[in-house]
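K.L.:
Structure: query-v2.cif, mmCIF, N, CA, C and O atoms.
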data_input
loop_
_atom_site.label_atom_id
_atom_site.label_comp_id
_atom_site.auth_asym_id
_atom_site.auth_seq_id
_atom_site.Cartn_x
_atom_site.Cartn_y
_atom_site.Cartn_z
N MET A 4 0.84 -1.18 0.00
CA MET A 4 0.00 0.00 0.00
C MET A 4 0.89 1.24 0.00
O MET A 4 1.85 1.33 0.75
N ILE A 5 0.55 2.16 -0.87
CA ILE A 5 1.25 3.44 -0.94
C ILE A 5 0.28 4.54 -0.54
O ILE A 5 -0.83 4.62 -1.05
N THR A 6 0.72 5.36 0.40
CA THR A 6 -0.03 6.58 0.74
C THR A 6 0.50 7.66 -0.18
O THR A 6 1.72 7.87 -0.28
N TYR A 7 -0.41 8.33 -0.85
CA TYR A 7 -0.03 9.29 -1.88
C TYR A 7 -0.55 10.67 -1.50
O TYR A 7 -1.76 10.89 -1.46
N TRP A 8 0.38 11.57 -1.16
CA TRP A 8 0.00 12.95 -0.85
C TRP A 8 -0.23 13.64 -2.18
O TRP A 8 0.71 13.88 -2.95
N HIS A 9 -1.47 13.96 -2.43
CA HIS A 9 -1.93 14.35 -3.76
C HIS A 9 -2.57 15.73 -3.77
O HIS A 9 -3.29 16.10 -2.84
N ASN A 10 -2.30 16.46 -4.85
CA ASN A 10 -2.98 17.71 -5.14
C ASN A 10 -3.58 17.53 -6.53
O ASN A 10 -2.86 17.58 -7.53
N PRO A 11 -4.91 17.33 -6.62
CA PRO A 11 -5.51 17.05 -7.92
C PRO A 11 -5.39 18.20 -8.92
O PRO A 11 -5.57 17.99 -10.12
N ARG A 12 -5.03 19.39 -8.47
CA ARG A 12 -4.86 20.52 -9.38
C ARG A 12 -3.47 20.56 -10.00
O ARG A 12 -3.21 21.37 -10.89
N CYS A 13 -2.58 19.68 -9.54
CA CYS A 13 -1.19 19.66 -10.01
C CYS A 13 -1.01 18.58 -11.07
O CYS A 13 -1.31 17.41 -10.85
N SER A 14 -0.51 18.97 -12.24
CA SER A 14 -0.34 18.00 -13.32
C SER A 14 0.67 16.91 -12.96
O SER A 14 0.49 15.75 -13.33
N LYS A 15 1.73 17.24 -12.24
CA LYS A 15 2.72 16.23 -11.83
C LYS A 15 2.09 15.23 -10.86
O LYS A 15 2.36 14.04 -10.91
N SER A 16 1.25 15.73 -9.98
CA SER A 16 0.58 14.87 -9.02
C SER A 16 -0.40 13.93 -9.73
O SER A 16 -0.46 12.73 -9.45
N ARG A 17 -1.14 14.46 -10.69
CA ARG A 17 -2.06 13.63 -11.47
C ARG A 17 -1.30 12.59 -12.29
O ARG A 17 -1.70 11.43 -12.38
N ALA A 18 -0.17 12.99 -12.88
CA ALA A 18 0.64 12.06 -13.68
C ALA A 18 1.19 10.94 -12.80
O ALA A 18 1.22 9.77 -13.21
N GLY A 19 1.63 11.26 -11.62
CA GLY A 19 2.15 10.25 -10.71
C GLY A 19 1.07 9.26 -10.29
O GLY A 19 1.31 8.05 -10.25
N LEU A 20 -0.11 9.77 -10.00
CA LEU A 20 -1.22 8.90 -9.64
C LEU A 20 -1.57 7.98 -10.80
O LEU A 20 -1.79 6.78 -10.60
N ALA A 21 -1.58 8.51 -12.00
CA ALA A 21 -1.87 7.69 -13.19
C ALA A 21 -0.83 6.59 -13.35
O ALA A 21 -1.18 5.45 -13.68
N LEU A 22 0.43 6.91 -13.11
CA LEU A 22 1.50 5.91 -13.21
C LEU A 22 1.26 4.78 -12.21
O LEU A 22 1.33 3.60 -12.56
N LEU A 23 0.96 5.13 -10.96
CA LEU A 23 0.73 4.12 -9.93
C LEU A 23 -0.50 3.26 -10.26
O LEU A 23 -0.48 2.04 -10.11
N GLU A 24 -1.57 3.91 -10.72
CA GLU A 24 -2.78 3.17 -11.06
C GLU A 24 -2.55 2.25 -12.25
O GLU A 24 -3.07 1.14 -12.29
N ALA A 25 -1.74 2.68 -13.22
CA ALA A 25 -1.43 1.84 -14.38
C ALA A 25 -0.67 0.58 -13.97
O ALA A 25 -0.76 -0.44 -14.64
N GLU A 26 0.05 0.68 -12.86
CA GLU A 26 0.81 -0.47 -12.34
C GLU A 26 -0.02 -1.29 -11.36
O GLU A 26 0.50 -2.20 -10.71
N SER A 27 -1.30 -0.95 -11.22
CA SER A 27 -2.23 -1.64 -10.31
C SER A 27 -1.77 -1.63 -8.86
O SER A 27 -1.99 -2.59 -8.12
N VAL A 28 -1.13 -0.55 -8.46
CA VAL A 28 -0.68 -0.40 -7.08
C VAL A 28 -1.86 0.07 -6.22
O VAL A 28 -2.64 0.93 -6.65
N LYS A 29 -1.97 -0.51 -5.03
CA LYS A 29 -3.00 -0.04 -4.09
C LYS A 29 -2.54 1.30 -3.53
O LYS A 29 -1.44 1.40 -2.96
N VAL A 30 -3.38 2.32 -3.70
CA VAL A 30 -3.03 3.68 -3.30
C VAL A 30 -4.09 4.22 -2.36
O VAL A 30 -5.28 4.10 -2.61
N SER A 31 -3.62 4.80 -1.27
CA SER A 31 -4.49 5.54 -0.36
C SER A 31 -4.19 7.02 -0.58
O SER A 31 -3.07 7.48 -0.31
N LEU A 32 -5.17 7.75 -1.11
CA LEU A 32 -4.96 9.17 -1.39
C LEU A 32 -5.11 10.01 -0.14
O LEU A 32 -6.03 9.79 0.66
N ARG A 33 -4.24 10.97 0.00
CA ARG A 33 -4.37 11.98 1.05
C ARG A 33 -4.29 13.33 0.36
O ARG A 33 -3.24 13.68 -0.21
N LEU A 34 -5.37 14.05 0.42
CA LEU A 34 -5.38 15.41 -0.13
C LEU A 34 -4.77 16.31 0.94
O LEU A 34 -5.46 16.88 1.77
N TYR A 35 -3.45 16.40 0.90
CA TYR A 35 -2.68 17.00 1.99
C TYR A 35 -3.01 18.47 2.22
O TYR A 35 -2.80 18.97 3.32
N LYS A 36 -3.52 19.17 1.22
CA LYS A 36 -3.86 20.58 1.43
C LYS A 36 -5.14 20.72 2.27
O LYS A 36 -5.31 21.70 2.97
N GLU A 37 -6.00 19.71 2.20
CA GLU A 37 -7.22 19.70 3.00
C GLU A 37 -7.02 18.97 4.32
O GLU A 37 -7.70 19.27 5.30
N ASP A 38 -6.14 17.99 4.33
CA ASP A 38 -5.85 17.17 5.50
C ASP A 38 -4.35 17.31 5.78
O ASP A 38 -3.56 16.42 5.47
N ALA A 39 -4.00 18.44 6.33
CA ALA A 39 -2.59 18.79 6.51
C ALA A 39 -1.88 17.86 7.48
O ALA A 39 -2.40 17.58 8.56
N PRO A 40 -0.71 17.38 7.09
CA PRO A 40 0.07 16.56 8.01
C PRO A 40 0.66 17.41 9.14
O PRO A 40 0.97 18.59 8.95
N SER A 41 0.82 16.79 10.28
CA SER A 41 1.44 17.47 11.42
C SER A 41 2.95 17.55 11.21
O SER A 41 3.51 16.87 10.33
N ALA A 42 3.61 18.34 12.03
CA ALA A 42 5.07 18.42 11.96
C ALA A 42 5.69 17.05 12.23
O ALA A 42 6.68 16.69 11.59
N ASP A 43 5.10 16.26 13.12
CA ASP A 43 5.62 14.91 13.40
C ASP A 43 5.46 14.01 12.18
O ASP A 43 6.36 13.23 11.86
N GLU A 44 4.32 14.08 11.50
CA GLU A 44 4.13 13.29 10.28
C GLU A 44 5.13 13.71 9.20
O GLU A 44 5.70 12.87 8.51
N LEU A 45 5.34 15.00 9.07
CA LEU A 45 6.31 15.50 8.09
C LEU A 45 7.71 15.02 8.43
O LEU A 45 8.47 14.63 7.53
N ARG A 46 8.05 15.01 9.71
CA ARG A 46 9.37 14.54 10.15
C ARG A 46 9.54 13.06 9.80
O ARG A 46 10.60 12.65 9.32
N ASP A 47 8.50 12.26 9.99
CA ASP A 47 8.54 10.84 9.65
C ASP A 47 8.77 10.65 8.15
O ASP A 47 9.60 9.83 7.74
N VAL A 48 8.05 11.41 7.34
CA VAL A 48 8.21 11.32 5.89
C VAL A 48 9.61 11.78 5.49
O VAL A 48 10.26 11.17 4.64
N LEU A 49 10.08 12.84 6.11
CA LEU A 49 11.43 13.33 5.81
C LEU A 49 12.47 12.25 6.10
O LEU A 49 13.40 12.03 5.30
N ASP A 50 12.32 11.52 7.20
CA ASP A 50 13.23 10.42 7.52
C ASP A 50 13.19 9.35 6.44
O ASP A 50 14.22 8.79 6.07
N LYS A 51 11.99 9.06 5.92
CA LYS A 51 11.84 8.05 4.87
C LYS A 51 12.38 8.53 3.53
O LYS A 51 12.83 7.72 2.72
N LEU A 52 12.33 9.83 3.30
CA LEU A 52 12.86 10.39 2.05
C LEU A 52 14.38 10.29 2.00
O LEU A 52 14.97 10.16 0.93
N GLN A 53 15.02 10.42 3.15
CA GLN A 53 16.47 10.46 3.26
C GLN A 53 17.06 11.54 2.37
O GLN A 53 18.02 11.34 1.63
N ARG A 54 16.39 12.69 2.43
CA ARG A 54 16.84 13.88 1.70
C ARG A 54 16.73 15.06 2.64
O ARG A 54 16.04 15.00 3.65
N PRO A 55 17.38 16.17 2.32
CA PRO A 55 17.27 17.35 3.18
C PRO A 55 15.86 17.94 3.13
O PRO A 55 15.15 17.82 2.12
N VAL A 56 15.48 18.59 4.21
CA VAL A 56 14.15 19.19 4.29
C VAL A 56 13.93 20.20 3.17
O VAL A 56 12.81 20.36 2.68
N ALA A 57 14.98 20.85 2.70
CA ALA A 57 14.84 21.83 1.62
C ALA A 57 14.30 21.19 0.34
O ALA A 57 13.68 21.87 -0.48
N ASP A 58 14.50 19.87 0.17
CA ASP A 58 13.97 19.18 -1.01
C ASP A 58 12.47 18.94 -0.90
O ASP A 58 11.81 18.68 -1.90
N MET A 59 11.95 19.00 0.31
CA MET A 59 10.55 18.67 0.58
C MET A 59 9.65 19.90 0.56
O MET A 59 8.44 19.78 0.58
N ILE A 60 10.24 21.08 0.52
CA ILE A 60 9.47 22.32 0.59
C ILE A 60 9.56 23.08 -0.73
O ILE A 60 10.61 23.09 -1.38
N ARG A 61 8.47 23.69 -1.10
CA ARG A 61 8.41 24.44 -2.36
C ARG A 61 9.02 25.84 -2.13
O ARG A 61 8.31 26.81 -1.93
N HIS A 62 10.34 25.89 -2.20
CA HIS A 62 11.04 27.13 -1.87
C HIS A 62 10.92 28.21 -2.95
O HIS A 62 11.27 29.36 -2.71
N LYS A 63 10.40 27.85 -4.12
CA LYS A 63 10.18 28.87 -5.16
C LYS A 63 8.76 29.44 -5.12
O LYS A 63 8.42 30.35 -5.88
N ASP A 64 7.93 28.91 -4.24
CA ASP A 64 6.54 29.35 -4.09
C ASP A 64 6.51 30.75 -3.47
O ASP A 64 7.30 31.06 -2.58
N ALA A 65 5.60 31.58 -3.94
CA ALA A 65 5.49 32.95 -3.41
C ALA A 65 5.22 32.94 -1.90
O ALA A 65 5.74 33.80 -1.17
N LEU A 66 4.44 31.98 -1.43
CA LEU A 66 4.14 31.90 0.01
C LEU A 66 5.41 31.70 0.82
O LEU A 66 5.57 32.27 1.90
N PHE A 67 6.34 30.92 0.31
CA PHE A 67 7.62 30.68 0.98
C PHE A 67 8.32 32.02 1.22
O PHE A 67 8.78 32.31 2.31
N LYS A 68 8.35 32.85 0.18
CA LYS A 68 9.00 34.16 0.29
C LYS A 68 8.19 35.09 1.18
O LYS A 68 8.74 35.83 1.99
N ASP A 69 6.85 35.04 1.04
CA ASP A 69 5.99 35.90 1.86
C ASP A 69 6.15 35.62 3.35
O ASP A 69 6.01 36.53 4.17
N LEU A 70 6.44 34.37 3.69
CA LEU A 70 6.62 34.01 5.10
C LEU A 70 8.04 34.30 5.60
O LEU A 70 8.35 34.07 6.76
N GLY A 71 8.88 34.81 4.71
CA GLY A 71 10.25 35.15 5.09
C GLY A 71 11.13 33.94 5.34
O GLY A 71 12.10 34.02 6.09
N LEU A 72 10.80 32.83 4.69
CA LEU A 72 11.56 31.59 4.88
C LEU A 72 12.76 31.54 3.95
O LEU A 72 12.79 32.21 2.92
N SER A 73 13.72 30.72 4.33
CA SER A 73 14.93 30.50 3.54
C SER A 73 15.22 29.00 3.51
O SER A 73 15.00 28.32 4.52
N PRO A 74 15.75 28.47 2.40
CA PRO A 74 16.13 27.05 2.38
C PRO A 74 17.17 26.71 3.45
O PRO A 74 17.32 25.55 3.82
N GLN A 75 17.86 27.70 3.96
CA GLN A 75 18.86 27.47 4.99
C GLN A 75 18.28 27.50 6.40
O GLN A 75 19.00 27.26 7.38
N ASP A 76 16.97 27.77 6.54
CA ASP A 76 16.35 27.75 7.86
C ASP A 76 16.47 26.35 8.45
O ASP A 76 16.64 25.36 7.73
N SER A 77 16.33 26.27 9.76
CA SER A 77 16.46 24.98 10.43
C SER A 77 15.35 24.02 9.98
O SER A 77 14.29 24.45 9.51
N GLU A 78 15.61 22.75 10.16
CA GLU A 78 14.64 21.72 9.82
C GLU A 78 13.32 21.98 10.55
O GLU A 78 12.24 21.87 9.98
N GLU A 79 13.39 22.32 11.82
CA GLU A 79 12.18 22.55 12.62
C GLU A 79 11.37 23.72 12.08
O GLU A 79 10.14 23.62 11.99
N ILE A 80 12.01 24.79 11.72
CA ILE A 80 11.30 25.95 11.17
C ILE A 80 10.58 25.55 9.88
O ILE A 80 9.39 25.87 9.69
N LEU A 81 11.27 24.85 9.00
CA LEU A 81 10.67 24.47 7.73
C LEU A 81 9.56 23.43 7.89
O LEU A 81 8.51 23.53 7.25
N LEU A 82 9.75 22.46 8.79
CA LEU A 82 8.70 21.47 9.03
C LEU A 82 7.45 22.13 9.61
O LEU A 82 6.33 21.83 9.20
N ASN A 83 7.64 23.04 10.56
CA ASN A 83 6.49 23.74 11.15
C ASN A 83 5.80 24.62 10.12
O ASN A 83 4.56 24.72 10.12
N ALA A 84 6.56 25.24 9.23
CA ALA A 84 5.96 26.08 8.18
C ALA A 84 5.10 25.22 7.26
O ALA A 84 3.99 25.64 6.88
N MET A 85 5.57 24.02 6.91
CA MET A 85 4.78 23.13 6.05
C MET A 85 3.53 22.63 6.78
O MET A 85 2.47 22.50 6.16
N ALA A 86 3.65 22.34 8.07
CA ALA A 86 2.49 21.87 8.84
C ALA A 86 1.41 22.95 8.90
O ALA A 86 0.22 22.66 8.81
N GLN A 87 1.83 24.20 9.01
CA GLN A 87 0.89 25.31 9.10
C GLN A 87 0.41 25.79 7.73
O GLN A 87 -0.64 26.39 7.62
N ASN A 88 1.19 25.50 6.69
CA ASN A 88 0.90 25.93 5.32
C ASN A 88 1.17 24.78 4.37
O ASN A 88 2.19 24.75 3.68
N PRO A 89 0.26 23.80 4.31
CA PRO A 89 0.54 22.60 3.52
C PRO A 89 0.77 22.85 2.03
O PRO A 89 1.35 22.00 1.35
N ALA A 90 0.38 24.00 1.52
CA ALA A 90 0.66 24.32 0.12
C ALA A 90 2.17 24.37 -0.14
O ALA A 90 2.61 24.27 -1.28
N LEU A 91 2.97 24.50 0.92
CA LEU A 91 4.42 24.55 0.78
C LEU A 91 5.05 23.17 0.58
O LEU A 91 6.22 23.07 0.21
N ILE A 92 4.29 22.11 0.81
CA ILE A 92 4.84 20.76 0.68
C ILE A 92 5.02 20.44 -0.80
O ILE A 92 4.09 20.59 -1.60
N GLU A 93 6.21 19.99 -1.14
CA GLU A 93 6.48 19.57 -2.52
C GLU A 93 5.56 18.40 -2.85
O GLU A 93 5.27 17.57 -2.00
N ARG A 94 5.11 18.35 -4.06
CA ARG A 94 4.16 17.31 -4.46
C ARG A 94 4.58 16.68 -5.76
O ARG A 94 5.28 17.32 -6.54
N PRO A 95 4.12 15.48 -5.92
CA PRO A 95 3.46 14.59 -4.97
C PRO A 95 4.51 13.84 -4.15
O PRO A 95 5.69 13.81 -4.51
N ILE A 96 4.06 13.23 -3.05
CA ILE A 96 4.93 12.37 -2.26
C ILE A 96 4.21 11.03 -2.10
O ILE A 96 3.05 10.99 -1.70
N ALA A 97 4.92 9.97 -2.43
CA ALA A 97 4.41 8.60 -2.26
C ALA A 97 5.16 7.98 -1.08
O ALA A 97 6.38 8.08 -0.99
N ILE A 98 4.40 7.33 -0.19
CA ILE A 98 4.97 6.87 1.08
C ILE A 98 4.58 5.41 1.32
O ILE A 98 3.41 5.04 1.20
N THR A 99 5.58 4.61 1.66
CA THR A 99 5.33 3.24 2.11
C THR A 99 5.71 3.17 3.59
O THR A 99 6.10 4.18 4.19
N ASP A 100 5.68 1.97 4.15
CA ASP A 100 6.08 1.81 5.55
C ASP A 100 7.55 2.13 5.78
O ASP A 100 7.94 2.51 6.87
N THR A 101 8.36 1.99 4.74
CA THR A 101 9.81 2.12 4.92
C THR A 101 10.48 3.23 4.13
O THR A 101 11.62 3.59 4.44
N GLN A 102 9.81 3.74 3.10
CA GLN A 102 10.45 4.80 2.32
C GLN A 102 9.42 5.74 1.72
O GLN A 102 8.22 5.46 1.70
N ALA A 103 9.94 6.87 1.24
CA ALA A 103 9.10 7.87 0.58
C ALA A 103 9.86 8.41 -0.61
O ALA A 103 11.09 8.43 -0.62
N ILE A 104 9.09 8.84 -1.62
CA ILE A 104 9.67 9.37 -2.85
C ILE A 104 8.88 10.62 -3.23
O ILE A 104 7.65 10.62 -3.21
N ILE A 105 9.60 11.67 -3.60
CA ILE A 105 8.96 12.84 -4.20
C ILE A 105 8.82 12.53 -5.69
O ILE A 105 9.80 12.19 -6.34
N GLY A 106 7.62 12.65 -6.20
CA GLY A 106 7.33 12.27 -7.58
C GLY A 106 7.66 13.33 -8.60
O GLY A 106 6.89 13.60 -9.50
N ARG A 107 8.81 13.92 -8.51
CA ARG A 107 9.33 14.87 -9.48
C ARG A 107 10.75 14.47 -9.80
O ARG A 107 11.60 14.59 -8.92
N PRO A 108 11.00 13.95 -10.93
CA PRO A 108 10.09 13.68 -12.04
C PRO A 108 9.18 12.49 -11.71
O PRO A 108 9.48 11.70 -10.82
N THR A 109 8.12 12.35 -12.48
CA THR A 109 7.14 11.31 -12.24
C THR A 109 7.78 9.93 -12.20
O THR A 109 7.42 9.09 -11.37
N ASP A 110 8.75 9.68 -13.06
CA ASP A 110 9.40 8.37 -13.12
C ASP A 110 10.10 8.00 -11.81
O ASP A 110 10.38 6.82 -11.58
N ALA A 111 10.37 8.96 -10.96
CA ALA A 111 10.99 8.67 -9.67
C ALA A 111 10.13 7.72 -8.84
O ALA A 111 10.64 6.94 -8.03
N LEU A 112 8.82 7.77 -9.07
CA LEU A 112 7.89 6.92 -8.32
C LEU A 112 8.09 5.44 -8.62
O LEU A 112 7.73 4.59 -7.81
N LYS A 113 8.70 5.12 -9.73
CA LYS A 113 8.93 3.72 -10.10
C LYS A 113 9.81 3.00 -9.09
O LYS A 113 9.78 1.78 -8.99
N ALA A 114 10.58 3.74 -8.32
CA ALA A 114 11.44 3.14 -7.30
C ALA A 114 10.63 2.42 -6.22
O ALA A 114 11.15 1.56 -5.53
N LEU A 115 9.36 2.77 -6.08
CA LEU A 115 8.50 2.13 -5.08
C LEU A 115 7.79 0.90 -5.62
O LEU A 115 7.16 0.17 -4.86
N LEU A 116 7.87 0.66 -6.92
CA LEU A 116 7.13 -0.46 -7.53
C LEU A 116 7.88 -1.76 -7.38
O LEU A 116 9.04 -1.86 -7.28
#
Write out the structure in this file as structure tokens.

P.N.:
Amino acid sequence: MITYWHNPRCSKSRAGLALLEAESVKVSLRLYKEDAPSADELRDVLDKLQRPVADMIRHKDALFKDLGLSPQDSEEILLNAMAQNPALIERPIAITDTQAIIGRPTDALKALL
């Protein structure tokens, strides 16, 4: 089972979901903008990504700049910003019990298959 943090308005997110469905993968959708993950959930996903927090946040988004954030801010600051403003979470993210993948590019999701 893959938990898929999805934004249906995002073409990359839709493409990733289509890829998973084409492979007949069981997917549990989470519309993360409506059902925002907590800072603890984000920390768990970050551990599974095994990437820096700056890779998980949309640092080119206007909201990121409006909030006065920087990619060099501490992990805690960035995780809390994403928990309070889920639009800042990079999308899509596919999550299993042991790992997570940011679906940019879409083919990156194949690592979970």

K.L.:
Rounded to one decimal in Å, what is the spacing between atom CA of A:Leu81 and atom CA of A:Ala57?

P.N.:
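Going from atom CA of A:Leu81 over to atom CA of A:Ala57 covers 7.9 Å.
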
K.L.:
For a quick check of your reading of the model, name the residues lying within 12 Å of the coordinate (15.5, 10.6, 0.8), counting only C-alpha atoms, and write them as number ranges by chain.

P.N.:
A: 46-59, 96-98, 101-106, 111, 114

K.L.:
Within stretch 13-66 of chain A, find each residue whose DSSP state, derived from the backbone, is helix (DSSP H, G or I), and express the selection as a ChimeraX atom specification.

P.N.:
/A:14-25,42-52,56-58,65-66

K.L.:
Once the PyMOL selection byres (((chain A and resi 10 and name CA) around 9) and name CA) has been applied to the shown file, what residues remain in the selection, as a list of chain:residue names?

P.N.:
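With the shown file as input, the PyMOL selection byres (((chain A and resi 10 and name CA) around 9) and name CA) matches A:Trp8, A:His9, A:Pro11, A:Arg12, A:Cys13, A:Ser14, A:Lys15, A:Ser16, A:Arg17, A:Arg33, A:Leu34, A:Tyr35, A:Lys36, A:Arg94, A:Pro95.
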
K.L.:
Which value, in Å to one decimal, gives the distance between atom CA of A:Pro40 and atom O of A:Pro89?

P.N.:
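Result for atom CA of A:Pro40 versus atom O of A:Pro89: 8.7 Å, one decimal.
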
K.L.:
Would you mind reading off the distance between atom CA of A:Ile92 and atom CA of A:Arg61, one decimal, in Å?

P.N.:
6.0 Å

K.L.:
Name the closest residue to A:Glu37 among the candidates A:Pro108, A:Ala90, A:Leu115, A:Ala65; distances are taken between atoms, counting only N, CA, C and O atoms.

P.N.:
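Closest residue, counting only N, CA, C and O atoms: A:Ala90.
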
K.L.:
Pull out every residue that the PyMOL selection byres ((chain A and resi 31) around 6) matches in the shown coordinates and put them as a ChimeraX atom specification.

P.N.:
/A:4-8,29-30,32-33

K.L.:
Which of chain A counts as strand (DSSP E) under DSSP, as a ChimeraX atom specification please?

P.N.:
/A:5-8,30-33,96-98,103-105

K.L.:
Which residues, written as a list of chain:residue names, have at least one atom at most 7 Å from A:Leu82, with only N, CA, C and O atoms counted and residues fewer than 6 positions away on the same chain left out?

P.N.:
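After dropping sequence-adjacent residues, the list is A:Pro40, A:Ser41, A:Ala42, A:Asp43, A:Leu45, A:Arg46, A:Asn88.
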
K.L.:
Taking all atoms listed in the file into account, which of A:Ala39, A:Ile60, A:Ala86, A:Leu116 comes nearest A:Pro74?

P.N.:
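The closest residue to A:Pro74 is A:Ile60.
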